[in-house]
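K.L.:
mmCIF, C-alpha atoms and all ligand atoms, saved as data07.cif, coming up:
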data_data
loop_
_atom_site.label_atom_id
_atom_site.label_comp_id
_atom_site.auth_asym_id
_atom_site.auth_seq_id
_atom_site.Cartn_x
_atom_site.Cartn_y
_atom_site.Cartn_z
CA MET A 26 30.35 6.30 20.67
CA SER A 27 32.77 9.06 19.73
CA SER A 28 30.75 11.50 21.86
CA ALA A 29 31.31 9.45 25.03
CA PRO A 30 32.98 11.41 27.83
CA PRO A 31 36.66 10.69 28.58
CA LEU A 32 37.12 7.94 31.12
CA ALA A 33 38.11 8.91 34.63
CA VAL A 34 40.86 6.39 35.27
CA ALA A 35 41.35 7.23 38.92
CA ASN A 36 37.81 6.25 39.88
CA GLU A 37 37.50 3.03 38.00
CA ARG A 38 38.99 0.61 40.47
CA ALA A 39 36.37 1.49 43.03
CA GLU A 40 33.46 1.13 40.60
CA ALA A 41 31.82 -1.92 39.09
CA PRO A 42 34.21 -3.45 36.53
CA ALA A 43 31.82 -2.81 33.67
CA SER A 44 32.47 0.91 34.12
CA ILE A 45 35.44 0.90 31.75
CA LEU A 46 33.27 -0.55 28.99
CA LEU A 47 31.69 1.99 26.65
CA ALA A 48 28.86 -0.28 25.47
CA SER A 49 26.79 -3.06 27.03
CA THR A 50 26.47 -6.47 25.45
CA ALA A 51 23.22 -6.73 23.45
CA PRO A 52 20.43 -8.89 24.94
CA ALA A 53 20.53 -10.87 21.65
CA TRP A 54 24.06 -12.04 22.46
CA PHE A 55 22.98 -13.33 25.90
CA ALA A 56 19.99 -15.11 24.35
CA ALA A 57 22.13 -16.78 21.65
CA ALA A 58 24.87 -17.67 24.13
CA ALA A 59 22.40 -19.24 26.58
CA ALA A 60 20.82 -21.25 23.75
CA GLN A 61 24.23 -22.48 22.56
CA TRP A 62 25.96 -22.83 25.92
CA GLN A 63 27.79 -26.00 24.80
CA LEU A 64 29.55 -24.13 21.98
CA LEU A 65 30.26 -21.24 24.33
CA LEU A 66 31.80 -23.60 26.86
CA VAL A 67 34.23 -24.93 24.26
CA ASP A 68 35.19 -21.38 23.26
CA HIS A 69 35.43 -20.45 26.93
CA ALA A 70 38.07 -23.15 27.43
CA ASN A 71 40.06 -21.51 24.64
CA CYS A 72 39.67 -18.08 26.26
CA GLU A 73 41.10 -19.34 29.56
CA LYS A 74 44.12 -20.82 27.74
CA LYS A 75 44.57 -17.56 25.85
CA ALA A 76 44.36 -15.53 29.05
CA ALA A 77 47.14 -17.65 30.55
CA SER A 78 49.30 -17.43 27.44
CA THR A 79 48.84 -13.65 27.21
CA ALA A 80 50.10 -13.31 30.78
CA LEU A 81 53.02 -15.65 29.99
CA ALA A 82 53.92 -13.69 26.84
CA LEU A 83 54.11 -10.50 28.94
CA ILE A 84 56.34 -12.31 31.44
CA PHE A 85 58.76 -13.22 28.65
CA SER A 86 58.69 -9.78 26.99
CA TYR A 87 59.14 -7.78 30.22
CA ALA A 88 61.27 -10.25 32.17
CA ASP A 89 63.22 -7.44 33.91
CA ASP A 90 60.07 -6.02 35.54
CA LEU A 91 59.99 -8.32 38.57
CA SER A 92 56.86 -6.89 40.10
CA LEU A 93 54.97 -7.34 36.83
CA THR A 94 56.26 -10.87 36.21
CA GLU A 95 55.39 -11.96 39.75
CA ARG A 96 51.81 -10.73 39.50
CA LEU A 97 51.29 -12.07 36.00
CA SER A 98 52.74 -15.45 36.94
CA ARG A 99 50.04 -15.74 39.61
CA LEU A 100 47.46 -14.63 37.06
CA ALA A 101 48.62 -17.22 34.48
CA ARG A 102 48.32 -19.97 37.10
CA GLU A 103 44.82 -18.84 38.01
CA GLU A 104 43.74 -18.74 34.34
CA LEU A 105 45.08 -22.27 33.82
CA LYS A 106 43.12 -23.39 36.86
CA HIS A 107 40.01 -21.89 35.25
CA PHE A 108 40.87 -23.82 32.09
CA GLU A 109 40.96 -27.06 34.08
CA GLN A 110 37.61 -26.19 35.69
CA VAL A 111 36.04 -25.52 32.28
CA GLN A 112 37.30 -28.87 30.98
CA ARG A 113 35.88 -30.59 34.07
CA CYS A 114 32.53 -28.89 33.34
CA MET A 115 32.71 -30.09 29.74
CA ARG A 116 33.25 -33.66 30.90
CA GLU A 117 30.47 -33.52 33.50
CA LEU A 118 28.01 -31.98 31.06
CA GLN A 119 29.18 -34.25 28.23
CA VAL A 120 30.18 -31.41 25.94
CA PRO A 121 32.52 -32.76 23.23
CA PHE A 122 35.67 -30.91 22.21
CA LEU A 123 35.38 -28.96 18.97
CA ARG A 124 38.08 -27.08 17.11
CA LEU A 125 36.84 -23.47 16.82
CA LYS A 126 38.15 -20.45 14.97
CA PRO A 127 38.83 -17.59 17.37
CA ALA A 128 36.57 -14.53 17.53
CA ARG A 129 37.63 -11.35 15.71
CA TYR A 130 37.86 -9.67 19.12
CA ALA A 131 41.42 -10.24 20.38
CA GLU A 132 42.94 -9.70 16.96
CA GLY A 133 40.90 -6.51 16.52
CA LEU A 134 42.32 -5.12 19.76
CA ARG A 135 45.83 -6.38 19.03
CA ARG A 136 45.94 -4.51 15.69
CA ALA A 137 45.72 -1.17 17.54
CA VAL A 138 48.60 -1.95 19.95
CA ARG A 139 51.66 0.22 19.37
CA THR A 140 54.78 -1.60 18.23
CA HIS A 141 57.34 0.13 20.45
CA ASP A 142 57.76 0.69 24.16
CA PRO A 143 56.88 2.27 26.48
CA GLY A 144 53.61 2.58 24.53
CA ARG A 145 53.37 -1.11 23.68
CA LEU A 146 53.33 -2.35 27.28
CA LEU A 147 50.73 0.25 28.29
CA ASP A 148 48.51 -0.75 25.37
CA LEU A 149 48.78 -4.46 26.15
CA LEU A 150 47.86 -3.84 29.80
CA VAL A 151 44.90 -1.66 28.80
CA CYS A 152 43.69 -4.39 26.42
CA GLY A 153 44.03 -6.92 29.23
CA ALA A 154 41.87 -4.76 31.51
CA LEU A 155 39.17 -4.33 28.86
CA ILE A 156 39.05 -8.04 28.00
CA GLU A 157 38.67 -8.92 31.68
CA ALA A 158 35.96 -6.26 32.05
CA ARG A 159 34.00 -7.68 29.10
CA SER A 160 34.37 -11.21 30.44
CA HIS A 161 33.06 -10.02 33.81
CA GLU A 162 30.04 -8.36 32.19
CA ARG A 163 29.20 -11.48 30.18
CA PHE A 164 29.66 -13.94 33.06
CA VAL A 165 27.35 -11.82 35.22
CA GLY A 166 24.69 -11.64 32.50
CA LEU A 167 24.97 -15.31 31.54
CA ALA A 168 24.99 -16.91 34.98
CA PRO A 169 21.21 -16.72 35.61
CA LEU A 170 20.41 -17.96 32.10
CA LEU A 171 22.41 -21.21 32.27
CA PRO A 172 21.86 -24.69 33.76
CA PRO A 173 22.49 -24.43 37.54
CA ARG A 174 25.90 -26.18 37.60
CA LEU A 175 27.25 -23.87 34.91
CA GLY A 176 25.49 -20.76 36.24
CA GLU A 177 27.13 -21.12 39.65
CA PHE A 178 30.51 -21.65 38.04
CA TYR A 179 30.13 -18.53 35.88
CA ALA A 180 29.02 -16.40 38.82
CA GLY A 181 32.23 -17.38 40.60
CA LEU A 182 34.36 -16.63 37.55
CA ALA A 183 32.78 -13.16 37.26
CA GLN A 184 34.42 -12.23 40.56
CA SER A 185 37.82 -13.38 39.32
CA GLU A 186 37.49 -11.30 36.17
CA ALA A 187 36.68 -8.21 38.24
CA ARG A 188 39.92 -8.76 40.17
CA HIS A 189 41.88 -9.33 36.98
CA GLN A 190 40.60 -6.09 35.47
CA GLY A 191 41.80 -4.27 38.59
CA LEU A 192 45.21 -5.94 38.35
CA TYR A 193 45.76 -4.96 34.71
CA LEU A 194 44.63 -1.38 35.39
CA ARG A 195 46.93 -1.09 38.41
CA LEU A 196 49.90 -2.42 36.43
CA ALA A 197 49.08 0.09 33.67
CA GLU A 198 48.82 3.02 36.09
CA GLN A 199 52.18 2.13 37.65
CA ARG A 200 53.89 1.96 34.24
CA ASP A 201 52.26 4.98 32.63
CA VAL A 202 55.51 6.94 32.19
CA GLN A 203 54.04 9.22 29.52
CA ALA A 204 50.75 9.95 31.34
CA ALA A 205 48.92 8.47 28.36
CA LEU A 206 46.63 6.05 30.21
CA PRO A 207 43.35 8.03 30.07
CA GLU A 208 43.76 8.63 26.34
CA ARG A 209 44.77 5.02 25.58
CA LEU A 210 41.96 3.61 27.70
CA GLN A 211 39.47 5.79 25.85
CA HIS A 212 40.95 4.76 22.49
CA PHE A 213 40.86 1.03 23.19
CA ALA A 214 37.49 1.17 24.95
CA GLN A 215 35.97 2.54 21.74
CA ILE A 216 37.53 -0.22 19.64
CA GLU A 217 36.49 -2.84 22.20
CA ALA A 218 32.89 -1.58 22.31
CA GLU A 219 32.67 -1.75 18.53
CA LEU A 220 34.06 -5.31 18.42
CA ALA A 221 31.74 -6.49 21.20
CA THR A 222 28.54 -4.97 19.81
CA ALA A 223 28.81 -4.67 15.99
CA PRO A 224 26.94 -7.38 14.04
CA ASP A 225 28.86 -10.65 14.02
CA SER A 226 28.12 -13.86 12.13
CA GLN A 227 30.17 -15.92 14.60
CA LEU A 228 29.05 -16.78 18.14
CA ARG A 229 31.92 -16.74 20.60
CA PHE A 230 32.48 -15.69 24.20
CA HIS A 231 33.76 -12.30 22.97
CA SER A 232 31.77 -12.03 19.73
CA GLY A 233 29.58 -9.10 18.69
CA THR A 234 25.81 -8.94 18.34
CA PRO A 235 24.49 -12.05 16.54
CA VAL A 236 23.15 -11.28 13.06
FE FE B 1 39.83 -16.83 33.76
FE FE B 2 40.73 -13.45 33.78
#
Could you take the file, read its structure, and then write that structure out as structure tokens?

P.N.:
Amino acid sequence: MSSAPPLAVANERAEAPASILLASTAPAWFAAAAAQWQLLLVDHANCEKKAASTALALIFSYADDLSLTERLSRLAREELKHFEQVQRCMRELQVPFLRLKPARYAEGLRRAVRTHDPGRLLDLLVCGALIEARSHERFVGLAPLLPPRLGEFYAGLAQSEARHQGLYLRLAEQRDVQAALPERLQHFAQIEAELATAPDSQLRFHSGTPV
């Protein structure tokens, strides 16, 4: 992965969202996820809550950036709406709630985030874009493998994730005061690709390749 070419940030918004990802999800992950879609659905509900709380945390931390807080407030509301839709799906499909440990994924990305601004905000926005890109890739791949009700729902969510990736990237571009975005995107994309594809004993929406 270290030999991958640098990412061309300027072009990415026009391309398919998966273009900022440096590695594709292994077919084994899609097979395991389709076989255990009930477990995935429970973890998915957690991911939607986390997506909303990440946006809210940014709103609190960067409360003076009104353009950022306005956009992320809309995003948080949309993620909570997704959460409600996932819970509705769980009820309809009779999937019981289960308390699950989170994947290593978000924490793995978070560890590489710089502790001081302006670098910290840029890193958090880049992580947001990559998480949305991975979610998009997995929703697209999963949709045809799932029961019809769930497959249609996931296909719709894939479109939202593509938009969210674009939003995070745009916010990052606009706040890139040190012209560090291409380098940071490359750095985090490598970490993200490793987390999403390295062998993983846990099955989660953002887990690695099942062992
Ligand atoms: Fe969502
Ligand atoms: Fe999202």

K.L.:
Using only C-alpha atoms, find the one residue out of A:Pro207, A:Leu150, A:Pro127, A:Ala221 that sits nearest to Ala82 in chain A.

P.N.:
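Looking at the shortest contact to Ala82 in chain A, the residue is A:Leu150.
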
K.L.:
Go through chain A residue by residue and, counting all atoms listed in the file, keep those with an atom at most 6 Å from ligand FE 2 (chain B); for each kept residue give the shortest atom pair and its distance in Å to one decimal, ordered by chain and increasing number, as a Markdown table.

P.N.:
| residue | atom | partner | partner_atom | distance |
| --- | --- | --- | --- | --- |
| A:Glu157 | CA | B:FE2 | FE | 5.4 |
| A:Glu186 | CA | B:FE2 | FE | 4.6 |
| A:His189 | CA | B:FE2 | FE | 5.3 |

K.L.:
Kindly provide, as an MDAnalysis selection string, all nucleotide and amino acid residues lying within 6 Å of ligand FE 1 (chain B), counting only C-alpha atoms and all ligand atoms.

P.N.:
chainID A and resid 73 104 107

K.L.:
Go ahead and save the residues from that selection, with C-alpha atoms, as a compact mmCIF listing (two decimals), keeping the file's coordinate frame.

P.N.:
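And here is the file that came out, selection_11.txt:
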# COMPACT_ATOMS: atom_id res chain seq x y z
CA GLU A 73 41.10 -19.34 29.56
CA GLU A 104 43.74 -18.74 34.34
CA HIS A 107 40.01 -21.89 35.25

K.L.:
Looking at only C-alpha atoms, which of A:Ala197, A:Leu64, A:Leu146, A:Leu170 is the one that sits closest to Ile84 in chain A?

P.N.:
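Ranked by minimum distance to Ile84 in chain A, first place goes to A:Leu146.
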
K.L.:
Quick one: of A:Leu100, A:Leu105, A:Leu123, A:Ile216, who's nearest to Arg188 in chain A, counting only C-alpha atoms?

P.N.:
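Of A:Leu100, A:Leu105, A:Leu123, A:Ile216, the one nearest Arg188 in chain A, counting only C-alpha atoms, is A:Leu100.
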
K.L.:
Give as a PyMOL selection string each residue that has an atom at most 6 Å from (24.8, -9.1, 10.2) in the file, counting all atoms listed in the file.

P.N.:
chain A and resi 224-225+236

K.L.:
Quick one: of A:Pro121, A:Pro172, A:Gly133, A:Gly233, who's nearest to Ala60 in chain A, counting all atoms listed in the file?

P.N.:
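Answer, going by the shortest atom-to-atom distance: A:Pro172.
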
K.L.:
Can you tell me, as a PyMOL selection string, what residues are no more than 9 Å from Leu192 in chain A when counting only C-alpha atoms, ignoring any on the same chain fewer than 6 positions away?

P.N.:
chain A and resi 96-97+154

K.L.:
Between CA of Leu194 in chain A and CA of Leu167 in chain A, what is the distance, to one decimal in Å?

P.N.:
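The value is 24.4 Å.
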
K.L.:
For CA of Val138 in chain A and CA of Arg200 in chain A, determine how far apart the two atoms are, in Å to one decimal place.

P.N.:
15.7 Å

K.L.:
Would you mind listing what lies within 12 Å of Ser98 in chain A as a list in words, with all atoms listed in the file counted and same-chain residues fewer than 4 positions away left out?

P.N.:
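Contacts, in chain order: Ala76, Ala77, Ser78, Thr79, Ala80, Leu81, Ala82, Leu83, Ile84, Phe85, Ala88, Leu91, Ser92, Leu93, Thr94, Arg102, Glu103, Glu104 and Leu105 of chain A.
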
K.L.:
State, in Å with one decimal place, the distance from CA of Leu171 in chain A to CA of Arg159 in chain A.

P.N.:
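Taking CA of Leu171 in chain A and CA of Arg159 in chain A, their separation equals 18.1 Å.
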